[in-house]
file input.pdb (PDB, C-alpha atoms)
ATOM      1  CA  MET Q 194      18.498  -7.065  18.652
ATOM      2  CA  GLN Q 195      16.347  -8.378  15.802
ATOM      3  CA  GLN Q 196      18.304 -10.434  13.289
ATOM      4  CA  PHE Q 197      17.189 -11.765   9.942
ATOM      5  CA  SER Q 198      17.023 -15.266  11.370
ATOM      6  CA  ASP Q 199      14.593 -14.025  14.033
ATOM      7  CA  PHE Q 200      11.895 -13.293  11.458
ATOM      8  CA  THR Q 201       9.439 -16.159  11.588
ATOM      9  CA  SER Q 202       8.171 -15.942   8.001
ATOM     10  CA  PRO Q 203       9.864 -16.171   4.587
ATOM     11  CA  VAL Q 204       7.449 -13.519   3.298
ATOM     12  CA  PHE Q 205       7.774  -9.736   3.608
ATOM     13  CA  LEU Q 206       5.187  -7.091   2.780
ATOM     14  CA  ALA Q 207       6.956  -4.571   0.554
ATOM     15  CA  PRO Q 208       7.200  -0.922   1.610
ATOM     16  CA  MET Q 209       4.790   1.099  -0.536
ATOM     17  CA  ALA Q 210       4.407   4.848  -0.096
ATOM     18  CA  GLY Q 211       0.905   5.847   0.898
ATOM     19  CA  ILE Q 212      -0.139   2.215   1.283
ATOM     20  CA  THR Q 213       1.764   0.145   3.853
ATOM     21  CA  ASP Q 214       0.679   2.309   6.761
ATOM     22  CA  LEU Q 215      -0.482   1.061  10.163
ATOM     23  CA  PRO Q 216      -4.047   0.154   9.003
ATOM     24  CA  MET Q 217      -2.636  -1.918   6.133
ATOM     25  CA  ARG Q 218      -0.036  -3.664   8.281
ATOM     26  CA  LYS Q 219      -2.544  -4.499  11.018
ATOM     27  CA  LEU Q 220      -4.966  -5.944   8.497
ATOM     28  CA  VAL Q 221      -2.309  -8.031   6.743
ATOM     29  CA  ARG Q 222      -1.081  -9.426  10.062
ATOM     30  CA  SER Q 223      -4.634 -10.265  11.153
ATOM     31  CA  TYR Q 224      -4.651 -13.013   8.516
ATOM     32  CA  GLY Q 225      -1.510 -14.719   9.772
ATOM     33  CA  PRO Q 226       2.299 -14.615   9.671
ATOM     34  CA  GLY Q 227       4.318 -12.227   7.546
ATOM     35  CA  ASN Q 228       6.953  -9.557   8.064
ATOM     36  CA  MET Q 229       5.861  -5.934   7.958
ATOM     37  CA  VAL Q 230       7.780  -3.018   6.438
ATOM     38  CA  SER Q 231       6.671   0.587   6.828
ATOM     39  CA  GLU Q 232       6.181   3.209   4.177
ATOM     40  CA  MET Q 233       9.414   5.036   3.498
ATOM     41  CA  VAL Q 234      10.174   7.764   6.030
ATOM     42  CA  ALA Q 235      11.765  10.881   4.547
ATOM     43  CA  ILE Q 236      14.754  11.773   6.724
ATOM     44  CA  ASN Q 237      14.530  15.380   5.530
ATOM     45  CA  GLY Q 238      10.999  15.492   6.920
ATOM     46  CA  LEU Q 239      12.104  14.009  10.229
ATOM     47  CA  SER Q 240      14.881  16.571  10.530
ATOM     48  CA  ARG Q 241      12.263  19.317  10.115
ATOM     49  CA  LYS Q 242      10.027  17.572  12.670
ATOM     50  CA  ASN Q 243       7.355  17.056  10.050
ATOM     51  CA  PRO Q 244       4.298  15.497  11.765
ATOM     52  CA  LYS Q 245       3.569  13.202   8.815
ATOM     53  CA  SER Q 246       7.102  11.786   8.821
ATOM     54  CA  TYR Q 247       6.948  11.284  12.580
ATOM     55  CA  LYS Q 248       3.610   9.471  12.284
ATOM     56  CA  ILE Q 249       5.012   7.081   9.679
ATOM     57  CA  ALA Q 250       8.106   6.367  11.758
ATOM     58  CA  ASP Q 251       6.271   5.710  15.029
ATOM     59  CA  VAL Q 252       5.477   1.970  15.165
ATOM     60  CA  ARG Q 253       5.325   1.580  18.949
ATOM     61  CA  ALA Q 254       1.608   0.728  18.885
ATOM     62  CA  GLU Q 255       2.151  -2.462  16.885
ATOM     63  CA  ALA Q 256       2.508  -5.818  18.607
ATOM     64  CA  TYR Q 257       4.625  -7.396  15.835
ATOM     65  CA  PRO Q 258       8.093  -6.362  14.596
ATOM     66  CA  VAL Q 259       8.086  -3.567  12.012
ATOM     67  CA  ILE Q 260      10.994  -2.771   9.726
ATOM     68  CA  VAL Q 261      11.041   0.992   9.200
ATOM     69  CA  GLN Q 262      12.322   2.118   5.819
ATOM     70  CA  MET Q 263      14.252   5.379   5.457
ATOM     71  CA  VAL Q 264      14.799   7.475   2.326
ATOM     72  CA  GLY Q 265      17.161  10.373   1.754
ATOM     73  CA  GLY Q 266      20.585  11.293   0.453
ATOM     74  CA  GLU Q 267      22.684  12.733   3.299
ATOM     75  CA  PRO Q 268      24.756  10.370   5.482
ATOM     76  CA  GLY Q 269      24.676  12.770   8.453
ATOM     77  CA  LEU Q 270      20.898  13.112   8.371
ATOM     78  CA  PHE Q 271      20.569   9.351   8.027
ATOM     79  CA  ALA Q 272      22.544   8.831  11.229
ATOM     80  CA  GLN Q 273      20.455  11.352  13.186
ATOM     81  CA  SER Q 274      17.186   9.975  11.862
ATOM     82  CA  ALA Q 275      18.195   6.362  12.491
ATOM     83  CA  SER Q 276      18.727   7.053  16.183
ATOM     84  CA  PHE Q 277      15.355   8.785  16.408
ATOM     85  CA  ILE Q 278      13.504   6.031  14.536
ATOM     86  CA  ALA Q 279      15.066   3.396  16.788
ATOM     87  CA  GLU Q 280      13.414   5.123  19.748
ATOM     88  CA  LEU Q 281      10.055   4.933  17.968
ATOM     89  CA  GLY Q 282       9.875   1.149  18.067
ATOM     90  CA  ALA Q 283      11.539  -0.079  14.881
ATOM     91  CA  ALA Q 284      12.663  -3.717  14.945
ATOM     92  CA  SER Q 285      15.222  -2.931  12.262
ATOM     93  CA  LEU Q 286      15.978  -0.238   9.688
ATOM     94  CA  ASP Q 287      15.872  -0.491   5.920
ATOM     95  CA  ILE Q 288      17.473   2.029   3.556
ATOM     96  CA  ASN Q 289      15.629   2.779   0.335
ATOM     97  CA  MET Q 290      18.034   2.801  -2.585
ATOM     98  CA  GLY Q 291      15.542   1.619  -5.165
ATOM     99  CA  CYS Q 292      12.620   4.058  -5.400
ATOM    100  CA  PRO Q 293      12.323   5.146  -9.064
ATOM    101  CA  VAL Q 294      10.011   8.140  -8.532
ATOM    102  CA  LYS Q 295      11.358  11.343 -10.121
ATOM    103  CA  LYS Q 296      11.035  13.601  -7.068
ATOM    104  CA  ILE Q 297      12.907  11.051  -4.912
ATOM    105  CA  VAL Q 298      15.675  10.534  -7.464
ATOM    106  CA  ALA Q 299      16.009  14.310  -7.977
ATOM    107  CA  ASN Q 300      16.812  14.591  -4.260
ATOM    108  CA  ASN Q 301      19.820  12.261  -4.639
ATOM    109  CA  SER Q 302      17.780   9.515  -2.982
ATOM    110  CA  GLY Q 303      16.250   6.174  -3.895
ATOM    111  CA  SER Q 304      17.527   4.688  -7.160
ATOM    112  CA  TYR Q 305      19.899   7.605  -7.663
ATOM    113  CA  LEU Q 306      22.177   6.097  -5.035
ATOM    114  CA  MET Q 307      22.880   3.150  -7.335
ATOM    115  CA  THR Q 308      24.743   5.675  -9.512
ATOM    116  CA  ASP Q 309      26.829   6.945  -6.573
ATOM    117  CA  ILE Q 310      28.158   3.849  -4.870
ATOM    118  CA  ASP Q 311      30.553   5.780  -2.619
ATOM    119  CA  ARG Q 312      27.746   7.926  -1.175
ATOM    120  CA  ALA Q 313      25.582   4.830  -0.790
ATOM    121  CA  SER Q 314      28.330   3.154   1.204
ATOM    122  CA  GLU Q 315      28.748   6.229   3.419
ATOM    123  CA  ILE Q 316      25.028   6.188   4.188
ATOM    124  CA  ILE Q 317      24.979   2.517   5.142
ATOM    125  CA  LYS Q 318      28.042   2.895   7.355
ATOM    126  CA  ALA Q 319      26.553   5.977   9.038
ATOM    127  CA  VAL Q 320      23.307   4.177   9.891
ATOM    128  CA  VAL Q 321      25.068   1.020  11.077
ATOM    129  CA  LYS Q 322      27.279   3.107  13.350
ATOM    130  CA  ALA Q 323      24.354   5.143  14.710
ATOM    131  CA  VAL Q 324      22.147   2.296  15.945
ATOM    132  CA  GLU Q 325      22.350  -1.160  17.427
ATOM    133  CA  LEU Q 326      19.497  -2.339  15.212
ATOM    134  CA  PRO Q 327      20.271  -4.396  12.111
ATOM    135  CA  VAL Q 328      20.315  -2.391   8.903
ATOM    136  CA  SER Q 329      19.181  -3.652   5.499
ATOM    137  CA  VAL Q 330      19.138  -2.085   2.034
ATOM    138  CA  LYS Q 331      16.565  -2.349  -0.764
ATOM    139  CA  PHE Q 332      17.663  -1.611  -4.322
ATOM    140  CA  ARG Q 333      17.137  -2.535  -7.956
ATOM    141  CA  LYS Q 334      18.883  -4.279 -10.803
ATOM    142  CA  GLY Q 335      20.525  -1.001 -11.771
ATOM    143  CA  TRP Q 336      19.800   2.490 -13.066
ATOM    144  CA  ASP Q 337      18.935   1.234 -16.569
ATOM    145  CA  HIS Q 338      19.816  -1.717 -18.779
ATOM    146  CA  ALA Q 339      23.099  -0.100 -19.794
ATOM    147  CA  HIS Q 340      24.113   0.274 -16.151
ATOM    148  CA  VAL Q 341      23.352  -2.996 -14.359
ATOM    149  CA  ASN Q 342      25.529  -2.944 -11.252
ATOM    150  CA  VAL Q 343      23.385  -4.856  -8.786
ATOM    151  CA  VAL Q 344      25.957  -7.537  -7.903
ATOM    152  CA  GLU Q 345      28.674  -4.966  -7.205
ATOM    153  CA  PHE Q 346      26.156  -2.883  -5.280
ATOM    154  CA  ALA Q 347      25.090  -5.826  -3.118
ATOM    155  CA  GLN Q 348      28.711  -6.644  -2.314
ATOM    156  CA  MET Q 349      29.240  -3.019  -1.295
ATOM    157  CA  CYS Q 350      26.206  -3.212   1.005
ATOM    158  CA  GLU Q 351      27.625  -6.318   2.661
ATOM    159  CA  GLU Q 352      31.067  -4.740   3.085
ATOM    160  CA  SER Q 353      29.475  -1.567   4.498
ATOM    161  CA  GLY Q 354      27.711  -3.483   7.261
ATOM    162  CA  ALA Q 355      24.242  -4.317   5.921
ATOM    163  CA  SER Q 356      22.668  -7.320   7.638
ATOM    164  CA  TRP Q 357      20.677  -8.305   4.547
ATOM    165  CA  VAL Q 358      19.545  -6.897   1.204
ATOM    166  CA  THR Q 359      16.358  -6.886  -0.859
ATOM    167  CA  VAL Q 360      16.716  -6.939  -4.631
ATOM    168  CA  HIS Q 361      13.986  -5.835  -7.038
ATOM    169  CA  GLY Q 362      14.643  -7.464 -10.391
ATOM    170  CA  ARG Q 363      13.887  -4.346 -12.455
ATOM    171  CA  THR Q 364      15.993  -1.299 -13.265
ATOM    172  CA  ARG Q 365      15.016   2.239 -12.364
ATOM    173  CA  SER Q 366      14.141   2.880 -16.015
ATOM    174  CA  ASP Q 367      11.703  -0.058 -15.956
ATOM    175  CA  PHE Q 368       9.763   1.360 -13.010
ATOM    176  CA  TYR Q 369       7.214  -1.483 -12.608
ATOM    177  CA  SER Q 370       6.823  -2.550 -16.227
ATOM    178  CA  GLY Q 371       8.099  -5.631 -17.968
ATOM    179  CA  LYS Q 372       9.200  -8.862 -16.358
ATOM    180  CA  ALA Q 373      11.399  -8.903 -13.264
ATOM    181  CA  ASP Q 374      14.821 -10.458 -13.809
ATOM    182  CA  TRP Q 375      15.074 -13.356 -11.396
ATOM    183  CA  GLU Q 376      18.412 -14.476 -12.836
ATOM    184  CA  ILE Q 377      20.063 -11.271 -11.605
ATOM    185  CA  ILE Q 378      18.547 -11.869  -8.152
ATOM    186  CA  ALA Q 379      20.104 -15.345  -8.196
ATOM    187  CA  ALA Q 380      23.451 -13.785  -9.140
ATOM    188  CA  VAL Q 381      23.257 -11.509  -6.101
ATOM    189  CA  LYS Q 382      22.450 -14.454  -3.844
ATOM    190  CA  GLU Q 383      25.489 -16.275  -5.209
ATOM    191  CA  ALA Q 384      27.755 -13.237  -4.713
ATOM    192  CA  VAL Q 385      27.092 -12.365  -1.052
ATOM    193  CA  LYS Q 386      27.029 -14.191   2.259
ATOM    194  CA  ILE Q 387      24.304 -12.105   3.915
ATOM    195  CA  PRO Q 388      20.626 -13.061   3.415
ATOM    196  CA  VAL Q 389      18.894 -11.908   0.237
ATOM    197  CA  ILE Q 390      15.201 -11.169  -0.228
ATOM    198  CA  GLY Q 391      13.823 -11.419  -3.764
ATOM    199  CA  ASN Q 392      11.299  -8.864  -5.031
ATOM    200  CA  GLY Q 393       9.445  -8.634  -8.327
ATOM    201  CA  ASP Q 394       6.539 -10.580  -9.861
ATOM    202  CA  VAL Q 395       5.767 -12.543  -6.706
ATOM    203  CA  ASN Q 396       1.993 -12.430  -7.067
ATOM    204  CA  THR Q 397       0.854 -15.925  -6.085
ATOM    205  CA  PRO Q 398       1.981 -18.633  -3.657
ATOM    206  CA  GLU Q 399       3.212 -20.646  -6.630
ATOM    207  CA  ALA Q 400       5.266 -17.730  -7.936
ATOM    208  CA  ALA Q 401       6.838 -17.284  -4.505
ATOM    209  CA  LYS Q 402       7.885 -20.923  -4.390
ATOM    210  CA  LYS Q 403       9.241 -20.715  -7.912
ATOM    211  CA  MET Q 404      11.334 -17.661  -7.070
ATOM    212  CA  MET Q 405      12.799 -19.317  -3.998
ATOM    213  CA  GLU Q 406      13.638 -22.468  -5.936
ATOM    214  CA  GLU Q 407      15.140 -20.668  -8.941
ATOM    215  CA  THR Q 408      17.092 -17.961  -7.117
ATOM    216  CA  LYS Q 409      17.815 -19.643  -3.745
ATOM    217  CA  VAL Q 410      16.846 -16.423  -1.950
ATOM    218  CA  ASP Q 411      16.193 -16.526   1.777
ATOM    219  CA  ALA Q 412      12.767 -14.873   1.526
ATOM    220  CA  VAL Q 413      10.422 -13.146  -0.892
ATOM    221  CA  MET Q 414       8.855  -9.698  -0.816
ATOM    222  CA  VAL Q 415       5.336  -9.015  -2.075
ATOM    223  CA  GLY Q 416       4.157  -5.566  -3.124
ATOM    224  CA  ARG Q 417       1.461  -4.669  -5.653
ATOM    225  CA  ALA Q 418      -0.112  -8.135  -5.623
ATOM    226  CA  ALA Q 419      -1.255  -7.517  -2.032
ATOM    227  CA  LEU Q 420      -3.301  -4.452  -3.004
ATOM    228  CA  GLY Q 421      -6.898  -5.441  -2.359
ATOM    229  CA  ALA Q 422      -5.686  -8.854  -1.181
ATOM    230  CA  PRO Q 423      -4.328  -8.481   2.378
ATOM    231  CA  TRP Q 424      -4.672 -12.250   2.905
ATOM    232  CA  LEU Q 425      -2.024 -12.970   0.228
ATOM    233  CA  ILE Q 426       0.995 -12.623   2.532
ATOM    234  CA  SER Q 427      -0.280 -15.296   4.937
ATOM    235  CA  GLN Q 428      -1.369 -17.512   2.034
ATOM    236  CA  ILE Q 429       2.153 -17.414   0.625
ATOM    237  CA  HIS Q 430       3.599 -18.073   4.080
ATOM    238  CA  ASP Q 431       1.396 -21.146   4.517
ATOM    239  CA  TYR Q 432       2.212 -22.441   1.050
ATOM    240  CA  LEU Q 433       5.966 -22.035   1.502
ATOM    241  CA  THR Q 434       6.108 -23.459   5.014
ATOM    242  CA  THR Q 435       3.489 -26.235   4.879
ATOM    243  CA  GLY Q 436       2.574 -26.709   1.224
ATOM    244  CA  LYS Q 437      -0.988 -25.750   2.092
ATOM    245  CA  ASN Q 438      -3.003 -24.425  -0.842
ATOM    246  CA  PRO Q 439      -5.016 -21.271  -0.119
ATOM    247  CA  LYS Q 440      -8.763 -21.486   0.268
ATOM    248  CA  PRO Q 441     -10.937 -19.475  -2.139
ATOM    249  CA  ILE Q 442     -11.845 -16.026  -0.852
ATOM    250  CA  ALA Q 443     -15.627 -15.561  -0.609
ATOM    251  CA  ALA Q 444     -17.443 -12.320  -1.380
ATOM    252  CA  GLY Q 445     -18.190 -11.777   2.299
ATOM    253  CA  ASP Q 446     -14.488 -12.053   3.104
ATOM    254  CA  VAL Q 447     -13.603  -9.407   0.520
ATOM    255  CA  LYS Q 448     -16.301  -7.093   1.835
ATOM    256  CA  GLN Q 449     -15.191  -7.557   5.424
ATOM    257  CA  ALA Q 450     -11.551  -6.905   4.532
ATOM    258  CA  LEU Q 451     -12.471  -3.705   2.709
ATOM    259  CA  LEU Q 452     -14.671  -2.474   5.559
ATOM    260  CA  THR Q 453     -11.986  -3.286   8.134
ATOM    261  CA  HIS Q 454      -9.388  -1.517   6.032
ATOM    262  CA  ILE Q 455     -11.266   1.727   5.499
ATOM    263  CA  LYS Q 456     -12.496   1.823   9.110
ATOM    264  CA  GLY Q 457      -8.854   1.493  10.099
ATOM    265  CA  LEU Q 458      -8.046   4.450   7.845
ATOM    266  CA  ASN Q 459     -10.772   6.441   9.578
ATOM    267  CA  GLU Q 460      -9.366   5.669  13.026
ATOM    268  CA  TYR Q 461      -5.794   6.443  12.007
ATOM    269  CA  TYR Q 462      -6.235   9.538   9.829
ATOM    270  CA  GLY Q 463      -9.684  10.854  10.711
ATOM    271  CA  GLU Q 464     -12.686  10.959   8.385
ATOM    272  CA  LYS Q 465     -11.596  14.047   6.446
ATOM    273  CA  LEU Q 466      -8.471  12.306   5.155
ATOM    274  CA  ALA Q 467      -9.708   8.706   5.284
ATOM    275  CA  LEU Q 468     -12.632   9.113   2.900
ATOM    276  CA  PRO Q 469     -10.564  10.267  -0.115
ATOM    277  CA  LEU Q 470      -7.871   7.725   0.763
ATOM    278  CA  SER Q 471     -10.458   4.939   0.782
ATOM    279  CA  ARG Q 472     -11.223   5.454  -2.907
ATOM    280  CA  LYS Q 473      -8.085   3.707  -4.124
ATOM    281  CA  TYR Q 474      -8.767   0.766  -1.821
ATOM    282  CA  VAL Q 475     -12.318   0.461  -3.121
ATOM    283  CA  CYS Q 476     -10.834   0.205  -6.617
ATOM    284  CA  TRP Q 477      -8.385  -2.515  -5.592
ATOM    285  CA  TYR Q 478     -10.825  -4.626  -3.586
ATOM    286  CA  SER Q 479     -13.515  -4.522  -6.278
ATOM    287  CA  LYS Q 480     -11.281  -5.116  -9.294
ATOM    288  CA  SER Q 481     -12.621  -7.819 -11.616
ATOM    289  CA  LEU Q 482     -15.947  -7.998  -9.745
ATOM    290  CA  ARG Q 483     -19.271  -7.649 -11.503
ATOM    291  CA  GLU Q 484     -20.342  -4.013 -11.981
ATOM    292  CA  ALA Q 485     -17.142  -2.806 -10.301
ATOM    293  CA  LYS Q 486     -16.742   0.123 -12.684
ATOM    294  CA  ARG Q 487     -20.188   1.473 -11.859
ATOM    295  CA  PHE Q 488     -19.533   0.952  -8.154
ATOM    296  CA  ARG Q 489     -16.278   2.924  -8.321
ATOM    297  CA  GLU Q 490     -17.917   5.740 -10.257
ATOM    298  CA  ARG Q 491     -20.586   6.085  -7.583
ATOM    299  CA  TYR Q 492     -18.145   5.758  -4.693
ATOM    300  CA  VAL Q 493     -15.812   8.558  -5.786
ATOM    301  CA  ARG Q 494     -18.712  11.019  -5.691
ATOM    302  CA  ILE Q 495     -19.571  10.205  -2.061
ATOM    303  CA  ASN Q 496     -18.561  12.852   0.480
ATOM    304  CA  ASN Q 497     -19.629  11.388   3.828
ATOM    305  CA  TRP Q 498     -18.745   8.258   5.749
ATOM    306  CA  THR Q 499     -22.277   6.911   6.248
ATOM    307  CA  ASP Q 500     -23.013   6.919   2.517
ATOM    308  CA  ALA Q 501     -19.632   5.316   1.804
ATOM    309  CA  LEU Q 502     -20.327   2.347   4.080
ATOM    310  CA  ARG Q 503     -23.837   1.968   2.675
ATOM    311  CA  GLU Q 504     -22.516   1.962  -0.891
ATOM    312  CA  ILE Q 505     -20.082  -0.839  -0.041
ATOM    313  CA  GLU Q 506     -22.826  -2.921   1.574
ATOM    314  CA  ASP Q 507     -25.118  -2.404  -1.416
ATOM    315  CA  PHE Q 508     -22.436  -3.309  -3.936
ATOM    316  CA  PHE Q 509     -21.438  -6.556  -2.277
ATOM    317  CA  SER Q 510     -25.074  -7.567  -1.785
ATOM    318  CA  TYR Q 511     -25.403  -7.251  -5.538
ATOM    319  CA  ALA Q 512     -22.049  -8.858  -6.359
ATOM    320  CA  GLU Q 513     -22.595 -12.128  -4.472
ATOM    321  CA  ASN Q 514     -25.092 -14.890  -5.048
ATOM    322  CA  GLU Q 515     -27.183 -16.811  -2.547
ATOM    323  CA  ASN Q 516     -24.204 -19.035  -1.649
ATOM    324  CA  GLY Q 517     -22.028 -16.050  -0.709
ATOM    325  CA  GLU Q 518     -19.848 -16.528  -3.755
ATOM    326  CA  LEU Q 519     -18.928 -13.765  -6.167
ATOM    327  CA  LYS Q 520     -21.058 -13.683  -9.279
TER
END
call {"tool": "encode", "arguments": {"input": "input.pdb", "output": "structure tokens"}}
result
Amino acid sequence: MQQFSDFTSPVFLAPMAGITDLPMRKLVRSYGPGNMVSEMVAINGLSRKNPKSYKIADVRAEAYPVIVQMVGGEPGLFAQSASFIAELGAASLDINMGCPVKKIVANNSGSYLMTDIDRASEIIKAVVKAVELPVSVKFRKGWDHAHVNVVEFAQMCEESGASWVTVHGRTRSDFYSGKADWEIIAAVKEAVKIPVIGNGDVNTPEAAKKMMEETKVDAVMVGRAALGAPWLISQIHDYLTTGKNPKPIAAGDVKQALLTHIKGLNEYYGEKLALPLSRKYVCWYSKSLREAKRFRERYVRINNWTDALREIEDFFSYAENENGELK
């Protein structure tokens, strides 16, 4: 059974809905070490045998351990889904108790569970009892700044059988704005004996090291900073484990990463779905590059795969100089 100590990297790719799918995880891992977490799997969808939910949960094709994250609000459904997900190759299970999105919260899921600590405990206990895999929980600082209960919540997770916890240093009301509270993450680390992963504003190798030093967490989790930068997870791993500074990323490397990513989307979803999905990745990979706005405007109007690949080639030929560096 996978334990926290079995993970070989102090860096985790954060679960992000519609983003940390198989193509993203494979690409991130191609750069080097890092721990992969799936998109959240809706247990209601699994109970209805929804093909999309099943596809997200099935990680048997991946050669590295994948933590599969579950979201929902019913302890009984969690137990049933946990057993099913375990059969689909999960190395461990994570319970989402931090998602701030309105439709998730309205379903008594995600961040809502921080307001119902008894139900949250029931869910954790149900999942722990249902599977032999380790179970972790991801949550936030609290519902809002008037209801910061993260330390109490973390202690409940430990008492309910969680093997480790991940703490995002923002409240549900913050969503992703403002500065993450690292002091509250440090307070959680001080209050529990199980491992703690810190999440929030880890966007560079230096920031990761600073979080680990200031909070004493066991690992860091990286989310939005990895969008358009799949090499970041391995760069942070190298910096934390060896002190090695990352090498500059050349224009050709960015282009190759983007092409690999969207070709992976095509293989996984099929062209009909992959082409519209690729538009957000084009935006992320080209951000801050010369003429990126014009490139994005042209790309979103493309409706076939051949033209999409040609547009990417043309843009990067324009965006790099004779030395292969970005202009």
call {"tool": "resolve_selection", "arguments": {"input": "input.pdb", "expression": "the PyMOL selection byres ((chain Q and resi 498) around 12)", "output": "list of chain:residue names"}}
result
Q:Leu452, Q:Ile455, Q:Lys456, Q:Leu458, Q:Asn459, Q:Gly463, Q:Glu464, Q:Lys465, Q:Leu466, Q:Ala467, Q:Leu468, Q:Pro469, Q:Leu470, Q:Ser471, Q:Arg472, Q:Tyr492, Q:Val493, Q:Arg494, Q:Ile495, Q:Asn496, Q:Asn497, Q:Thr499, Q:Asp500, Q:Ala501, Q:Leu502, Q:Arg503, Q:Glu504, Q:Ile505
call {"tool": "resolve_selection", "arguments": {"input": "input.pdb", "expression": "the PyMOL selection byres ((chain Q and resi 377) around 12)", "output": "PyMOL selection string"}}
result
chain Q and resi 333-335+338+341-345+347+360-364+373-376+378-384+389+391-393+404+407-410
call {"tool": "atom_distance", "arguments": {"input": "input.pdb", "atom1": "atom CA of Q:Ile260", "atom2": "atom CA of Q:Gln449"}}
result
27.0 Å
call {"tool": "atom_distance", "arguments": {"input": "input.pdb", "atom1": "atom CA of Q:Ala279", "atom2": "atom CA of Q:Gly225"}}
result
25.5 Å
call {"tool": "resolve_selection", "arguments": {"input": "input.pdb", "expression": "the PyMOL selection byres ((chain Q and resi 310-321) around 10)", "output": "short mmCIF file (atom, residue, chain, number, x, y, z; two decimals) with C-alpha atoms, in the coordinates of the input"}}
result
data_model
loop_
_atom_site.label_atom_id
_atom_site.label_comp_id
_atom_site.auth_asym_id
_atom_site.auth_seq_id
_atom_site.Cartn_x
_atom_site.Cartn_y
_atom_site.Cartn_z
CA GLY Q 265 17.16 10.37 1.75
CA GLY Q 266 20.58 11.29 0.45
CA GLU Q 267 22.68 12.73 3.30
CA PRO Q 268 24.76 10.37 5.48
CA GLY Q 269 24.68 12.77 8.45
CA LEU Q 270 20.90 13.11 8.37
CA PHE Q 271 20.57 9.35 8.03
CA ALA Q 272 22.54 8.83 11.23
CA GLN Q 273 20.45 11.35 13.19
CA SER Q 274 17.19 9.98 11.86
CA ALA Q 275 18.20 6.36 12.49
CA SER Q 276 18.73 7.05 16.18
CA LEU Q 286 15.98 -0.24 9.69
CA ASP Q 287 15.87 -0.49 5.92
CA ILE Q 288 17.47 2.03 3.56
CA MET Q 290 18.03 2.80 -2.58
CA ASN Q 301 19.82 12.26 -4.64
CA SER Q 302 17.78 9.52 -2.98
CA GLY Q 303 16.25 6.17 -3.90
CA TYR Q 305 19.90 7.60 -7.66
CA LEU Q 306 22.18 6.10 -5.04
CA MET Q 307 22.88 3.15 -7.34
CA THR Q 308 24.74 5.68 -9.51
CA ASP Q 309 26.83 6.94 -6.57
CA LYS Q 322 27.28 3.11 13.35
CA ALA Q 323 24.35 5.14 14.71
CA VAL Q 324 22.15 2.30 15.94
CA GLU Q 325 22.35 -1.16 17.43
CA LEU Q 326 19.50 -2.34 15.21
CA PRO Q 327 20.27 -4.40 12.11
CA VAL Q 328 20.32 -2.39 8.90
CA SER Q 329 19.18 -3.65 5.50
CA VAL Q 330 19.14 -2.08 2.03
CA ASN Q 342 25.53 -2.94 -11.25
CA GLU Q 345 28.67 -4.97 -7.20
CA PHE Q 346 26.16 -2.88 -5.28
CA MET Q 349 29.24 -3.02 -1.30
CA CYS Q 350 26.21 -3.21 1.00
CA GLU Q 351 27.62 -6.32 2.66
CA GLU Q 352 31.07 -4.74 3.08
CA SER Q 353 29.48 -1.57 4.50
CA GLY Q 354 27.71 -3.48 7.26
CA ALA Q 355 24.24 -4.32 5.92
CA SER Q 356 22.67 -7.32 7.64
#
call {"tool": "residues_around", "arguments": {"input": "input.pdb", "residues": "Q:Val259", "least_positions_apart": "5", "cutoff": "10 Å", "atoms": "all atoms listed in the file", "output": "PDB file with C-alpha atoms, in the coordinates of the input"}}
result
ATOM      1  CA  LEU Q 215      -0.482   1.061  10.163  1.00  0.00           C
ATOM      2  CA  ARG Q 218      -0.036  -3.664   8.281  1.00  0.00           C
ATOM      3  CA  ASN Q 228       6.953  -9.557   8.064  1.00  0.00           C
ATOM      4  CA  MET Q 229       5.861  -5.934   7.958  1.00  0.00           C
ATOM      5  CA  VAL Q 230       7.780  -3.018   6.438  1.00  0.00           C
ATOM      6  CA  SER Q 231       6.671   0.587   6.828  1.00  0.00           C
ATOM      7  CA  ALA Q 250       8.106   6.367  11.758  1.00  0.00           C
ATOM      8  CA  ASP Q 251       6.271   5.710  15.029  1.00  0.00           C
ATOM      9  CA  VAL Q 252       5.477   1.970  15.165  1.00  0.00           C
ATOM     10  CA  ARG Q 253       5.325   1.580  18.949  1.00  0.00           C
ATOM     11  CA  GLY Q 282       9.875   1.149  18.067  1.00  0.00           C
ATOM     12  CA  ALA Q 283      11.539  -0.079  14.881  1.00  0.00           C
ATOM     13  CA  ALA Q 284      12.663  -3.717  14.945  1.00  0.00           C
ATOM     14  CA  SER Q 285      15.222  -2.931  12.262  1.00  0.00           C
ATOM     15  CA  LEU Q 286      15.978  -0.238   9.688  1.00  0.00           C
TER      16      LEU Q 286
END
call {"tool": "residues_near_point", "arguments": {"input": "input.pdb", "point": "(14.4, -12.1, 0.5)", "cutoff": "7 Å", "atoms": "only C-alpha atoms", "output": "ChimeraX atom specification"}}
result
/Q:359,388-391,410-414
call {"tool": "atom_distance", "arguments": {"input": "input.pdb", "atom1": "atom CA of Q:Val221", "atom2": "atom CA of Q:Pro423"}}
result
4.8 Å
call {"tool": "closest_residue", "arguments": {"input": "input.pdb", "among": "Q:Phe197, Q:Ser202, Q:Ala254, Q:Lys402", "to": "Q:Ile387", "atoms": "all atoms listed in the file"}}
result
Q:Phe197
call {"tool": "closest_residue", "arguments": {"input": "input.pdb", "among": "Q:Ile426, Q:Ala450, Q:Val294, Q:Ala443", "to": "Q:Asp367", "atoms": "only C-alpha atoms"}}
result
Q:Val294
call {"tool": "axis_aligned_box", "arguments": {"input": "input.pdb", "around": "stretch 330-344 of chain Q", "padding_each_side": "4 Å", "output": "JSON"}}
result
{"center_x": 21.3, "center_y": -2.5, "center_z": -8.9, "size_x": 17.4, "size_y": 18.0, "size_z": 29.8}
call {"tool": "closest_residue", "arguments": {"input": "input.pdb", "among": "Q:Val358, Q:Ala210, Q:Val261, Q:Leu220", "to": "Q:Ser427", "atoms": "only C-alpha atoms"}}
result
Q:Leu220
